[in-house]
Amino acid sequence: MPVDPSLVGREFPAPAPLTVTAERVSAFAAAVGHPGEGVPPTFPIVLAFDAMQAFLDAEQIDLHRIVHGEQRFAYVRPLVAGDELSATLTVTGLRQIGPADIIATSSEITDATGAVVCTGKATLVHSSGSEAPQ
């Protein structure tokens, strides 16, 4: 079933804040092959994914019907160990091409004070037909 166009503008918070710890950063860096020091620039995907999963769960969209089309981050400041981060995903656009829904999202990542640390933008391709995307 196609995604409802009235979703544009709706917000979906991640279920819980995430504290940036040395252990989490180390595990993430090892998993993605990040050789540098500090927090990898793609680390916020951990929390952005939690917000995306909240969106998928709320709208009863199966993850296996999603292909991740694009992801980018714009930073206000670097992440550091000790940051307690929250995320809210907003559906910013939706268009339908054949049996596919092209869903544009923006995830605002904030620290414990509510200040924006970075914004992640993603494009999700949802197959609303009988076959999952390949």
# chains A, B, ... in the order shown; residues from 1 in each chain; ligands from 1
>>> residues_around(residues="range 21-34 of chain A", least_positions_apart="3", cutoff="7 Å", atoms="only C-alpha atoms", output="list of chain:residue names")
A:Val39, A:Pro40, A:Ala81, A:Gly82
>>> select_by_dssp(residues="range 3-123 of chain A", states="strand (DSSP E)", output="ChimeraX atom specification")
/A:11-13,18-19,66-75,84-97,100-110,116-123
>>> residues_around(residues="Asp83 in chain A", least_positions_apart="4", cutoff="10 Å", atoms="only C-alpha atoms", output="PyMOL selection string")
chain A and resi 17-21+79+110-112+117
>>> write_last_selection(atoms="all heavy atoms", output="PDB file, in the first residue's frame")
ATOM      1  N   PRO A  17      17.001   8.993  24.382  1.00  0.00           N
ATOM      2  CA  PRO A  17      18.268   9.666  24.086  1.00  0.00           C
ATOM      3  C   PRO A  17      19.411   8.649  24.017  1.00  0.00           C
ATOM      4  O   PRO A  17      19.288   7.528  24.511  1.00  0.00           O
ATOM      5  CB  PRO A  17      18.477  10.613  25.264  1.00  0.00           C
ATOM      6  CG  PRO A  17      17.182  10.663  25.990  1.00  0.00           C
ATOM      7  CD  PRO A  17      16.445   9.396  25.659  1.00  0.00           C
ATOM      8  N   LEU A  18      20.494   9.061  23.421  1.00  0.00           N
ATOM      9  CA  LEU A  18      21.691   8.223  23.303  1.00  0.00           C
ATOM     10  C   LEU A  18      22.873   9.019  23.833  1.00  0.00           C
ATOM     11  O   LEU A  18      23.073  10.169  23.415  1.00  0.00           O
ATOM     12  CB  LEU A  18      21.936   7.855  21.836  1.00  0.00           C
ATOM     13  CG  LEU A  18      23.238   7.124  21.559  1.00  0.00           C
ATOM     14  CD1 LEU A  18      23.001   5.621  21.656  1.00  0.00           C
ATOM     15  CD2 LEU A  18      23.776   7.476  20.195  1.00  0.00           C
ATOM     16  N   THR A  19      23.620   8.426  24.734  1.00  0.00           N
ATOM     17  CA  THR A  19      24.835   9.068  25.225  1.00  0.00           C
ATOM     18  C   THR A  19      26.014   8.592  24.396  1.00  0.00           C
ATOM     19  O   THR A  19      26.195   7.391  24.182  1.00  0.00           O
ATOM     20  CB  THR A  19      25.057   8.744  26.716  1.00  0.00           C
ATOM     21  OG1 THR A  19      23.922   9.204  27.458  1.00  0.00           O
ATOM     22  CG2 THR A  19      26.308   9.430  27.244  1.00  0.00           C
ATOM     23  N   VAL A  20      26.794   9.545  23.904  1.00  0.00           N
ATOM     24  CA  VAL A  20      27.987   9.220  23.133  1.00  0.00           C
ATOM     25  C   VAL A  20      29.061   8.792  24.126  1.00  0.00           C
ATOM     26  O   VAL A  20      29.498   9.585  24.951  1.00  0.00           O
ATOM     27  CB  VAL A  20      28.478  10.431  22.305  1.00  0.00           C
ATOM     28  CG1 VAL A  20      29.734  10.092  21.531  1.00  0.00           C
ATOM     29  CG2 VAL A  20      27.376  10.925  21.377  1.00  0.00           C
ATOM     30  N   THR A  21      29.441   7.518  24.059  1.00  0.00           N
ATOM     31  CA  THR A  21      30.486   6.993  24.947  1.00  0.00           C
ATOM     32  C   THR A  21      31.666   6.533  24.110  1.00  0.00           C
ATOM     33  O   THR A  21      31.520   6.244  22.914  1.00  0.00           O
ATOM     34  CB  THR A  21      29.973   5.799  25.774  1.00  0.00           C
ATOM     35  OG1 THR A  21      29.651   4.724  24.878  1.00  0.00           O
ATOM     36  CG2 THR A  21      28.749   6.174  26.610  1.00  0.00           C
ATOM     37  N   LEU A  79      30.554  16.124  17.381  1.00  0.00           N
ATOM     38  CA  LEU A  79      30.112  15.320  18.513  1.00  0.00           C
ATOM     39  C   LEU A  79      31.318  14.989  19.373  1.00  0.00           C
ATOM     40  O   LEU A  79      32.419  14.798  18.864  1.00  0.00           O
ATOM     41  CB  LEU A  79      29.485  14.019  18.027  1.00  0.00           C
ATOM     42  CG  LEU A  79      28.253  14.127  17.141  1.00  0.00           C
ATOM     43  CD1 LEU A  79      27.806  12.739  16.704  1.00  0.00           C
ATOM     44  CD2 LEU A  79      27.140  14.847  17.846  1.00  0.00           C
ATOM     45  N   THR A 110      19.810  16.797  18.571  1.00  0.00           N
ATOM     46  CA  THR A 110      20.047  17.842  19.562  1.00  0.00           C
ATOM     47  C   THR A 110      20.776  17.273  20.775  1.00  0.00           C
ATOM     48  O   THR A 110      20.729  16.069  21.039  1.00  0.00           O
ATOM     49  CB  THR A 110      18.716  18.467  20.029  1.00  0.00           C
ATOM     50  OG1 THR A 110      17.862  17.436  20.547  1.00  0.00           O
ATOM     51  CG2 THR A 110      18.008  19.179  18.876  1.00  0.00           C
ATOM     52  N   ASP A 111      21.445  18.167  21.507  1.00  0.00           N
ATOM     53  CA  ASP A 111      22.116  17.735  22.742  1.00  0.00           C
ATOM     54  C   ASP A 111      21.167  17.921  23.928  1.00  0.00           C
ATOM     55  O   ASP A 111      20.000  18.303  23.758  1.00  0.00           O
ATOM     56  CB  ASP A 111      23.451  18.458  22.930  1.00  0.00           C
ATOM     57  CG  ASP A 111      23.326  19.963  23.130  1.00  0.00           C
ATOM     58  OD1 ASP A 111      22.223  20.451  23.461  1.00  0.00           O
ATOM     59  OD2 ASP A 111      24.348  20.658  22.967  1.00  0.00           O
ATOM     60  N   ALA A 112      21.665  17.656  25.127  1.00  0.00           N
ATOM     61  CA  ALA A 112      20.828  17.685  26.328  1.00  0.00           C
ATOM     62  C   ALA A 112      20.250  19.065  26.615  1.00  0.00           C
ATOM     63  O   ALA A 112      19.229  19.189  27.288  1.00  0.00           O
ATOM     64  CB  ALA A 112      21.623  17.179  27.536  1.00  0.00           C
ATOM     65  N   VAL A 117      22.873  19.900  17.152  1.00  0.00           N
ATOM     66  CA  VAL A 117      24.258  19.492  16.929  1.00  0.00           C
ATOM     67  C   VAL A 117      24.470  19.224  15.442  1.00  0.00           C
ATOM     68  O   VAL A 117      25.463  19.648  14.865  1.00  0.00           O
ATOM     69  CB  VAL A 117      24.606  18.236  17.764  1.00  0.00           C
ATOM     70  CG1 VAL A 117      25.997  17.738  17.450  1.00  0.00           C
ATOM     71  CG2 VAL A 117      24.438  18.523  19.241  1.00  0.00           C
TER      72      VAL A 117
END
>>> residues_around(residues="Met52 in chain A", least_positions_apart="3", cutoff="10 Å", atoms="only C-alpha atoms", output="list in words")
Phe12, Pro13, Ala14, Ile45, Leu47, Ala48, Phe49, Phe55, Leu56, Asp57, Ala58, Leu63, Ala87, Thr88, Leu89, Thr90, Val91, Thr105, Ser106, Ser107, Ala122 and Leu124 of chain A
>>> closest_residue(among="A:Ile103, A:Gly98, A:Val116, A:Glu11", to="Ile61 in chain A", atoms="only C-alpha atoms")
A:Ile103
>>> atom_distance(atom1="CA of Pro2 in chain A", atom2="CA of Ser128 in chain A")
5.1 Å
>>> residues_around(residues="His126 in chain A", least_positions_apart="2", cutoff="10 Å", atoms="only C-alpha atoms", output="PDB file with C-alpha atoms, in the first residue's frame")
ATOM      1  CA  MET A   1       0.000   0.000   0.000  1.00  0.00           C
ATOM      2  CA  PRO A   2       1.368   3.487  -0.836  1.00  0.00           C
ATOM      3  CA  VAL A   3       2.490   5.792   1.936  1.00  0.00           C
ATOM      4  CA  ILE A  61       5.893   0.214   7.105  1.00  0.00           C
ATOM      5  CA  ASP A  62       8.087  -2.883   6.853  1.00  0.00           C
ATOM      6  CA  LEU A  63      11.818  -2.154   6.933  1.00  0.00           C
ATOM      7  CA  HIS A  64      12.385  -4.899   4.343  1.00  0.00           C
ATOM      8  CA  ARG A  65      10.442  -2.727   1.857  1.00  0.00           C
ATOM      9  CA  ILE A  66      12.861   0.204   2.278  1.00  0.00           C
ATOM     10  CA  VAL A  67      15.976   0.969   0.266  1.00  0.00           C
ATOM     11  CA  HIS A  68      18.171   3.724   1.656  1.00  0.00           C
ATOM     12  CA  GLY A  69      18.622   6.132  -1.252  1.00  0.00           C
ATOM     13  CA  GLN A  96       5.205   8.399  -5.791  1.00  0.00           C
ATOM     14  CA  PRO A  99       4.867   1.328  -7.077  1.00  0.00           C
ATOM     15  CA  ALA A 100       7.591   3.260  -5.208  1.00  0.00           C
ATOM     16  CA  ASP A 101       7.228   5.965  -2.586  1.00  0.00           C
ATOM     17  CA  ILE A 102      10.197   8.348  -2.438  1.00  0.00           C
ATOM     18  CA  ILE A 103      10.235   9.637   1.138  1.00  0.00           C
ATOM     19  CA  THR A 123      15.913   9.683   1.093  1.00  0.00           C
ATOM     20  CA  LEU A 124      14.075   6.401   1.546  1.00  0.00           C
ATOM     21  CA  SER A 128       4.452  -0.405  -2.029  1.00  0.00           C
ATOM     22  CA  GLY A 129       3.990  -3.234  -4.526  1.00  0.00           C
ATOM     23  CA  ALA A 132      10.303  -5.885  -1.872  1.00  0.00           C
ATOM     24  CA  PRO A 133      12.924  -3.563  -3.442  1.00  0.00           C
TER      25      PRO A 133
END
>>> closest_residue(among="A:Gly93, A:Arg72, A:Arg10, A:Arg77", to="Ala54 in chain A", atoms="only C-alpha atoms")
A:Arg10
>>> select_by_dssp(residues="range 15-104 of chain A", states="alpha helix (DSSP H)", output="VMD selection string")
chain A and resid 22 to 32 45 to 58
>>> closest_residue(among="A:Arg95, A:Gly38, A:Phe43, A:Cys118", to="Tyr75 in chain A", atoms="only C-alpha atoms")
A:Cys118
>>> closest_residue(among="A:Glu108, A:Glu37, A:Asp50, A:Asp4", to="Phe73 in chain A", atoms="only C-alpha atoms")
A:Glu108
